[in-house]
Amino acid sequence: MLDLLARVREEIRRSRMLSSGDVVVATVSGGADSVVLLHLLWRMREEKRLKIIVAHLDHGLRGRESRRDYLFTERLAKSLGLLFEGHKLKPGELKNIPGSPQEAAREKRYEFLERAAAIHAAGKIALGHTLDDQAETILMRLLKGASLSGLAGIPAKRDRYIRPLLSVSRKEIEGYASAEGLSFVIDSTNLERKYLRNRIRLDLIPGLEREYNPNIRDTLSRTAALLRADDDYIEMAAKRAFGSICIEARPGSITLDRLKLLKAHGAIISRVFLLAVRTLGKEGPELGSAHVEAFAEMAKGKKPNASISLPGGIRAERVYDRVVVTAEAAREAPAFEAVINIPGRTVIEGIGEFRAELRKPPAGGLKEGESVAWFDLNALSSGPLVARQARPGDRLAPFGMKGRRKLKDLFIDMKIPPPMRRRTPVVSSGGDIIWVAGLRRSGLYRVEKGVPRALKIEFIPA
């Protein structure tokens, strides 16, 4: 089966999937596709000077079969002299993730692969999708309704993810495995017709081959390639638009300018949304055309505080003239509180970093902004300076205004969405809030002219 090796080698060269000296995480389930992928990469390891890590995640969804697959893959890696990176999910771990068990498992798989790549400093993650997977995916998306991106199918290469077998049929895979004497495991759930993908594989595609087009897999693959060329061009335009429409990108939260978004073409609106989801690191959720349309309708609608929930724990909400896309973890930001080191650095994980220093105020006057504030050290409370999450009832005496205002009202006036409020630290001294970091400072404890030494605090968001 040297022909298959030559074909895959040529596909890797043509699509620039691998470079000499690459560290590659090979995703191996134990099935024929992934075993053949691993074997081909292993045969190319010397000519390409590849370092290969075999990665396997045990979801625990299939009981003994899951355990069998894990052990099989571990032994396979050892027999080839390759590093093995395995992980077993804890019982019930998938239940805490929104969506179906399959969606949750997919999300966990991508998280695991990214983690494995980080551990081993891998620049590439290889997946064993085949020509048959491509055909099944296109038909499944067509039946559910999909955008151009969806109908363009599975990309052979995107970011660090590569799929060298995407033009190889499952029949060819099995032929190669047989010729090379490769063992593999069989997933018994692949024969269960309760799953749409299985019904497409077992019933729809054979029917289309028999009654309409004996080469339906190749035809769908060629169609996907044509659509992907158009899709790539529109994607470039969307990325340019995203750069101007995205107001703020924080861990777990993307804020978009609604007015700029609505000025864009409909095709760009949907892609800006999908780019926001990808920026959040959510490769897992399968967002179909219905979800994208729901986002567009929400953004265009008249309700100033509309919101929608989507697969994978994604939520999009309109906050006046902004649209905020968040991941579930950001909406459930845990309470935080830390004493600010003076002088020194104080890092609050997932929130940001405070840098405090004592210095003489500059002769040309103080330069304050959203990220920097100065305070009269002698006027502050003798106790510690604390950075914490905002609490109900918190009030601030805003600079340039009389009296105190509830932080909640201040957030509303500044059109700060709830997810961002929970991640915005307030700085307090002796119970007084002196600064809403990155947004507004208090009028208290101002540095008057002639003060010999003052406290300068800078906040750098995560």
# chains A, B, ... in the order shown; residues from 1 in each chain; ligands from 1
$ residues_around --residues "stretch 151-160 of chain A" --least-positions-apart "5" --cutoff "6 Å" --atoms "only C-alpha atoms" --output "JSON, numbers by chain"
{"A": [124, 125, 138, 224, 227, 228]}
$ residues_around --residues "A:Val447" --least-positions-apart "2" --cutoff "7 Å" --atoms "only C-alpha atoms" --output "PyMOL selection string"
chain A and resi 374-376+445+449+451+454
$ residues_around --residues "stretch 271-283 of chain A" --least-positions-apart "2" --cutoff "10 Å" --atoms "only C-alpha atoms" --output "number ranges by chain"
A: 106-107, 110-111, 114, 147, 149, 234-235, 237-243, 245-246, 249-256, 261, 264, 266-269, 285-287, 292, 295-296, 312-316, 323-327
$ write_last_selection --atoms "C-alpha atoms" --output "PDB file, in the first residue's frame"
ATOM      1  CA  ARG A 106     -16.564  16.860  21.585  1.00  0.00           C
ATOM      2  CA  GLU A 107     -15.887  19.987  23.628  1.00  0.00           C
ATOM      3  CA  TYR A 110     -10.839  19.676  21.950  1.00  0.00           C
ATOM      4  CA  GLU A 111      -9.923  20.950  25.422  1.00  0.00           C
ATOM      5  CA  GLU A 114      -5.232  21.806  23.219  1.00  0.00           C
ATOM      6  CA  SER A 147     -24.436  28.276   5.983  1.00  0.00           C
ATOM      7  CA  SER A 149     -19.186  27.562   5.900  1.00  0.00           C
ATOM      8  CA  ILE A 234     -15.561  35.797   2.626  1.00  0.00           C
ATOM      9  CA  GLU A 235     -13.803  34.695   5.821  1.00  0.00           C
ATOM     10  CA  ALA A 237     -13.413  39.929   4.693  1.00  0.00           C
ATOM     11  CA  ALA A 238     -15.116  38.916   7.943  1.00  0.00           C
ATOM     12  CA  LYS A 239     -11.822  38.944   9.843  1.00  0.00           C
ATOM     13  CA  ARG A 240     -11.143  42.486   8.665  1.00  0.00           C
ATOM     14  CA  ALA A 241     -14.637  43.507   9.770  1.00  0.00           C
ATOM     15  CA  PHE A 242     -14.241  41.753  13.114  1.00  0.00           C
ATOM     16  CA  GLY A 243     -11.189  43.897  13.844  1.00  0.00           C
ATOM     17  CA  ILE A 245     -16.524  45.687  15.160  1.00  0.00           C
ATOM     18  CA  CYS A 246     -14.964  44.026  18.224  1.00  0.00           C
ATOM     19  CA  ALA A 249     -11.997  40.890  23.957  1.00  0.00           C
ATOM     20  CA  ARG A 250     -11.610  39.475  27.453  1.00  0.00           C
ATOM     21  CA  PRO A 251     -11.263  35.887  28.651  1.00  0.00           C
ATOM     22  CA  GLY A 252     -14.713  34.390  28.204  1.00  0.00           C
ATOM     23  CA  SER A 253     -16.300  37.562  26.810  1.00  0.00           C
ATOM     24  CA  ILE A 254     -16.354  39.337  23.423  1.00  0.00           C
ATOM     25  CA  THR A 255     -18.080  42.727  23.086  1.00  0.00           C
ATOM     26  CA  LEU A 256     -19.223  43.876  19.637  1.00  0.00           C
ATOM     27  CA  LEU A 261     -22.273  45.127  13.092  1.00  0.00           C
ATOM     28  CA  ALA A 264     -22.219  44.989   7.571  1.00  0.00           C
ATOM     29  CA  GLY A 266     -25.632  39.702   6.338  1.00  0.00           C
ATOM     30  CA  ALA A 267     -22.921  37.210   5.385  1.00  0.00           C
ATOM     31  CA  ILE A 268     -20.394  39.213   7.404  1.00  0.00           C
ATOM     32  CA  ILE A 269     -22.710  39.505  10.434  1.00  0.00           C
ATOM     33  CA  PRO A 285     -20.200  23.467  19.736  1.00  0.00           C
ATOM     34  CA  GLU A 286     -21.961  22.700  16.449  1.00  0.00           C
ATOM     35  CA  LEU A 287     -23.676  25.985  15.607  1.00  0.00           C
ATOM     36  CA  VAL A 292     -26.657  32.048  13.454  1.00  0.00           C
ATOM     37  CA  PHE A 295     -28.092  35.770  16.687  1.00  0.00           C
ATOM     38  CA  ALA A 296     -28.703  38.087  13.720  1.00  0.00           C
ATOM     39  CA  GLY A 312     -21.769  24.655  24.184  1.00  0.00           C
ATOM     40  CA  GLY A 313     -22.658  27.135  26.918  1.00  0.00           C
ATOM     41  CA  ILE A 314     -22.469  30.111  24.534  1.00  0.00           C
ATOM     42  CA  ARG A 315     -24.741  33.070  25.232  1.00  0.00           C
ATOM     43  CA  ALA A 316     -25.262  36.242  23.205  1.00  0.00           C
ATOM     44  CA  VAL A 323     -23.714  42.759  21.645  1.00  0.00           C
ATOM     45  CA  VAL A 324     -21.850  40.598  24.138  1.00  0.00           C
ATOM     46  CA  VAL A 325     -20.951  36.974  23.386  1.00  0.00           C
ATOM     47  CA  THR A 326     -19.918  34.987  26.450  1.00  0.00           C
ATOM     48  CA  ALA A 327     -18.871  31.494  27.435  1.00  0.00           C
TER      49      ALA A 327
END
$ select_by_dssp --residues "stretch 135-286 of chain A" --states "helix (DSSP H, G or I)" --output "short mmCIF file (atom, residue, chain, number, x, y, z; two decimals) with C-alpha atoms, in the first residue's frame"
data_model
loop_
_atom_site.label_atom_id
_atom_site.label_comp_id
_atom_site.auth_asym_id
_atom_site.auth_seq_id
_atom_site.Cartn_x
_atom_site.Cartn_y
_atom_site.Cartn_z
CA ALA A 135 -19.61 13.26 2.88
CA GLU A 136 -21.52 12.41 6.06
CA THR A 137 -20.86 15.84 7.54
CA ILE A 138 -22.02 17.72 4.43
CA LEU A 139 -25.24 15.68 4.16
CA MET A 140 -25.96 16.03 7.88
CA ARG A 141 -25.53 19.80 7.73
CA LEU A 142 -27.61 20.00 4.57
CA LEU A 143 -30.45 18.14 6.28
CA LYS A 144 -30.28 20.38 9.35
CA LEU A 148 -21.81 28.33 3.26
CA SER A 149 -19.19 27.56 5.90
CA GLY A 150 -21.14 24.53 7.03
CA LEU A 151 -21.68 23.18 3.52
CA ARG A 170 -12.85 4.40 4.48
CA LYS A 171 -12.55 1.46 2.09
CA GLU A 172 -8.97 2.50 1.27
CA ILE A 173 -8.26 2.92 4.99
CA GLU A 174 -9.41 -0.60 5.74
CA GLY A 175 -7.45 -1.94 2.76
CA TYR A 176 -4.27 -0.30 4.04
CA ALA A 177 -4.84 -1.64 7.57
CA SER A 178 -5.32 -5.15 6.19
CA ALA A 179 -2.24 -4.98 3.96
CA GLU A 180 -0.05 -3.67 6.79
CA SER A 188 -20.28 -0.75 18.50
CA THR A 189 -22.32 2.47 18.69
CA ASN A 190 -21.46 3.18 15.04
CA LEU A 191 -24.15 0.64 14.13
CA LEU A 196 -28.43 10.80 12.54
CA ARG A 197 -24.83 10.45 11.37
CA ASN A 198 -25.11 6.67 11.57
CA ARG A 199 -28.34 6.64 9.56
CA ILE A 200 -26.66 8.78 6.91
CA ARG A 201 -23.71 6.39 6.79
CA LEU A 202 -25.71 3.15 6.89
CA ASP A 203 -28.80 4.11 4.87
CA LEU A 204 -28.71 7.44 3.03
CA ILE A 205 -25.29 7.29 1.35
CA PRO A 206 -25.67 3.66 0.15
CA GLY A 207 -29.10 4.62 -1.25
CA LEU A 208 -27.69 7.64 -3.07
CA GLU A 209 -24.87 5.51 -4.49
CA ARG A 210 -27.28 2.81 -5.60
CA GLU A 211 -30.02 5.01 -7.11
CA ILE A 216 -21.49 10.51 -4.36
CA ARG A 217 -18.65 10.71 -1.80
CA ASP A 218 -16.21 12.15 -4.33
CA THR A 219 -18.88 14.47 -5.73
CA LEU A 220 -19.69 15.89 -2.30
CA SER A 221 -15.99 16.31 -1.56
CA ARG A 222 -15.40 18.24 -4.80
CA THR A 223 -18.44 20.42 -4.12
CA ALA A 224 -17.13 21.15 -0.63
CA ALA A 225 -13.76 22.18 -2.08
CA LEU A 226 -15.44 24.69 -4.43
CA LEU A 227 -17.55 26.12 -1.63
CA ARG A 228 -14.53 26.35 0.65
CA ALA A 229 -12.67 28.55 -1.85
CA ASP A 230 -15.57 31.03 -1.76
CA ASP A 231 -15.85 30.60 1.99
CA ASP A 232 -12.17 31.41 2.52
CA TYR A 233 -12.52 34.68 0.62
CA ILE A 234 -15.56 35.80 2.63
CA GLU A 235 -13.80 34.70 5.82
CA MET A 236 -10.93 37.08 5.08
CA ALA A 237 -13.41 39.93 4.69
CA ALA A 238 -15.12 38.92 7.94
CA LYS A 239 -11.82 38.94 9.84
CA ARG A 240 -11.14 42.49 8.67
CA ALA A 241 -14.64 43.51 9.77
CA PHE A 242 -14.24 41.75 13.11
CA GLY A 243 -11.19 43.90 13.84
CA SER A 244 -13.27 47.08 13.70
CA ILE A 245 -16.52 45.69 15.16
CA ARG A 258 -23.94 46.66 17.44
CA LEU A 259 -24.28 49.66 15.10
CA LYS A 260 -21.14 48.76 13.15
CA LEU A 261 -22.27 45.13 13.09
CA LEU A 262 -25.64 46.01 11.55
CA LYS A 263 -24.00 48.10 8.82
CA GLY A 266 -25.63 39.70 6.34
CA ALA A 267 -22.92 37.21 5.39
CA ILE A 268 -20.39 39.21 7.40
CA ILE A 269 -22.71 39.51 10.43
CA SER A 270 -22.99 35.74 10.77
CA ARG A 271 -19.25 35.24 10.38
CA VAL A 272 -18.38 37.94 12.90
CA PHE A 273 -20.52 36.04 15.38
CA LEU A 274 -18.77 32.74 14.59
CA LEU A 275 -15.38 34.45 14.87
CA ALA A 276 -16.40 35.73 18.30
CA VAL A 277 -17.28 32.17 19.34
CA ARG A 278 -13.94 30.88 18.04
CA THR A 279 -12.09 33.70 19.82
#
$ residues_around --residues "stretch 7-23 of chain A" --least-positions-apart "2" --cutoff "7 Å" --atoms "only C-alpha atoms" --output "PyMOL selection string"
chain A and resi 3-5+25+48-52+122-124+157+162+164-165
$ select_by_dssp --residues "stretch 63-116 of chain A" --states "strand (DSSP E)" --output "list in words"
Leu83, Phe84, Glu85, Gly86, His87 and Lys88 of chain A
$ write_last_selection --atoms "C-alpha atoms" --output "CSV table (one decimal), in the first residue's frame"
chain,number,residue,atom,x,y,z
A,83,LEU,CA,4.9,9.2,23.7
A,84,PHE,CA,1.4,8.6,25.0
A,85,GLU,CA,-0.8,11.3,26.4
A,86,GLY,CA,-4.0,9.9,27.8
A,87,HIS,CA,-6.8,11.2,30.0
A,88,LYS,CA,-9.9,9.7,31.5
$ residues_around --residues "A:Ile348" --least-positions-apart "3" --cutoff "8 Å" --atoms "only C-alpha atoms" --output "PDB file with N, CA and C atoms, in the first residue's frame"
ATOM      1  N   PHE A 336     -13.961  37.158  43.790  1.00  0.00           N
ATOM      2  CA  PHE A 336     -12.522  37.292  43.991  1.00  0.00           C
ATOM      3  C   PHE A 336     -12.255  38.471  44.918  1.00  0.00           C
ATOM      4  N   ALA A 338      -8.500  40.380  46.708  1.00  0.00           N
ATOM      5  CA  ALA A 338      -7.058  40.305  46.934  1.00  0.00           C
ATOM      6  C   ALA A 338      -6.556  41.631  47.485  1.00  0.00           C
ATOM      7  N   ILE A 351      -8.671  37.765  35.923  1.00  0.00           N
ATOM      8  CA  ILE A 351      -9.202  39.128  36.037  1.00  0.00           C
ATOM      9  C   ILE A 351      -8.203  40.148  35.511  1.00  0.00           C
ATOM     10  N   GLY A 352      -6.996  40.096  36.028  1.00  0.00           N
ATOM     11  CA  GLY A 352      -5.991  41.037  35.568  1.00  0.00           C
ATOM     12  C   GLY A 352      -4.896  41.247  36.593  1.00  0.00           C
ATOM     13  N   GLU A 353      -4.084  42.265  36.354  1.00  0.00           N
ATOM     14  CA  GLU A 353      -2.922  42.543  37.207  1.00  0.00           C
ATOM     15  C   GLU A 353      -2.924  44.003  37.640  1.00  0.00           C
TER      16      GLU A 353
END
$ atom_distance --atom1 "atom CA of A:Ile434" --atom2 "atom CA of A:Glu357"
16.4 Å
$ residues_around --residues "A:Phe459" --least-positions-apart "6" --cutoff "8 Å" --atoms "only C-alpha atoms" --output "tab-separated table (two decimals) with N, CA and C atoms, in the first residue's frame"
chain	number	residue	atom	x	y	z
A	352	GLY	N	-7.00	40.10	36.03
A	352	GLY	CA	-5.99	41.04	35.57
A	352	GLY	C	-4.90	41.25	36.59
A	353	GLU	N	-4.08	42.26	36.35
A	353	GLU	CA	-2.92	42.54	37.21
A	353	GLU	C	-2.92	44.00	37.64
A	354	PHE	N	-2.65	44.23	38.93
A	354	PHE	CA	-2.47	45.58	39.47
A	354	PHE	C	-0.98	45.82	39.69
A	355	ARG	N	-0.53	47.02	39.30
A	355	ARG	CA	0.84	47.43	39.56
A	355	ARG	C	0.80	48.72	40.36
A	371	SER	N	-6.99	53.12	32.75
A	371	SER	CA	-6.16	52.06	33.33
A	371	SER	C	-5.20	52.55	34.41
A	372	VAL	N	-5.13	53.85	34.65
A	372	VAL	CA	-4.21	54.40	35.65
A	372	VAL	C	-4.94	55.40	36.54
A	437	ALA	N	-11.84	49.78	38.60
A	437	ALA	CA	-10.65	49.65	37.76
A	437	ALA	C	-10.98	49.56	36.28
A	438	GLY	N	-10.33	50.42	35.53
A	438	GLY	CA	-10.53	50.42	34.09
A	438	GLY	C	-11.73	51.21	33.61
$ residues_around --residues "A:Leu358" --least-positions-apart "2" --cutoff "10 Å" --atoms "only C-alpha atoms" --output "ChimeraX atom specification"
/A:342-344,356,360-361,374-375,377,453-457
$ write_last_selection --atoms "C-alpha atoms" --output "PDB file, in the first residue's frame"
ATOM      1  CA  ILE A 342       2.166  48.426  47.723  1.00  0.00           C
ATOM      2  CA  PRO A 343       4.583  48.686  46.078  1.00  0.00           C
ATOM      3  CA  GLY A 344       4.500  45.681  43.784  1.00  0.00           C
ATOM      4  CA  ALA A 356       1.278  49.840  42.451  1.00  0.00           C
ATOM      5  CA  LYS A 360       6.573  61.844  43.409  1.00  0.00           C
ATOM      6  CA  PRO A 361       3.755  63.218  41.213  1.00  0.00           C
ATOM      7  CA  TRP A 374      -3.369  58.373  41.376  1.00  0.00           C
ATOM      8  CA  PHE A 375      -4.293  58.711  45.065  1.00  0.00           C
ATOM      9  CA  LEU A 377      -1.446  58.032  50.151  1.00  0.00           C
ATOM     10  CA  ARG A 453       4.567  61.369  47.399  1.00  0.00           C
ATOM     11  CA  ALA A 454       1.502  59.690  45.915  1.00  0.00           C
ATOM     12  CA  LEU A 455       0.223  56.230  45.071  1.00  0.00           C
ATOM     13  CA  LYS A 456       0.017  55.314  41.393  1.00  0.00           C
ATOM     14  CA  ILE A 457      -2.000  52.203  40.477  1.00  0.00           C
TER      15      ILE A 457
END
$ closest_residue --among "A:Ala26, A:Ala306, A:Ala104, A:Ala116" --to "A:Leu41" --atoms "only C-alpha atoms"
A:Ala26
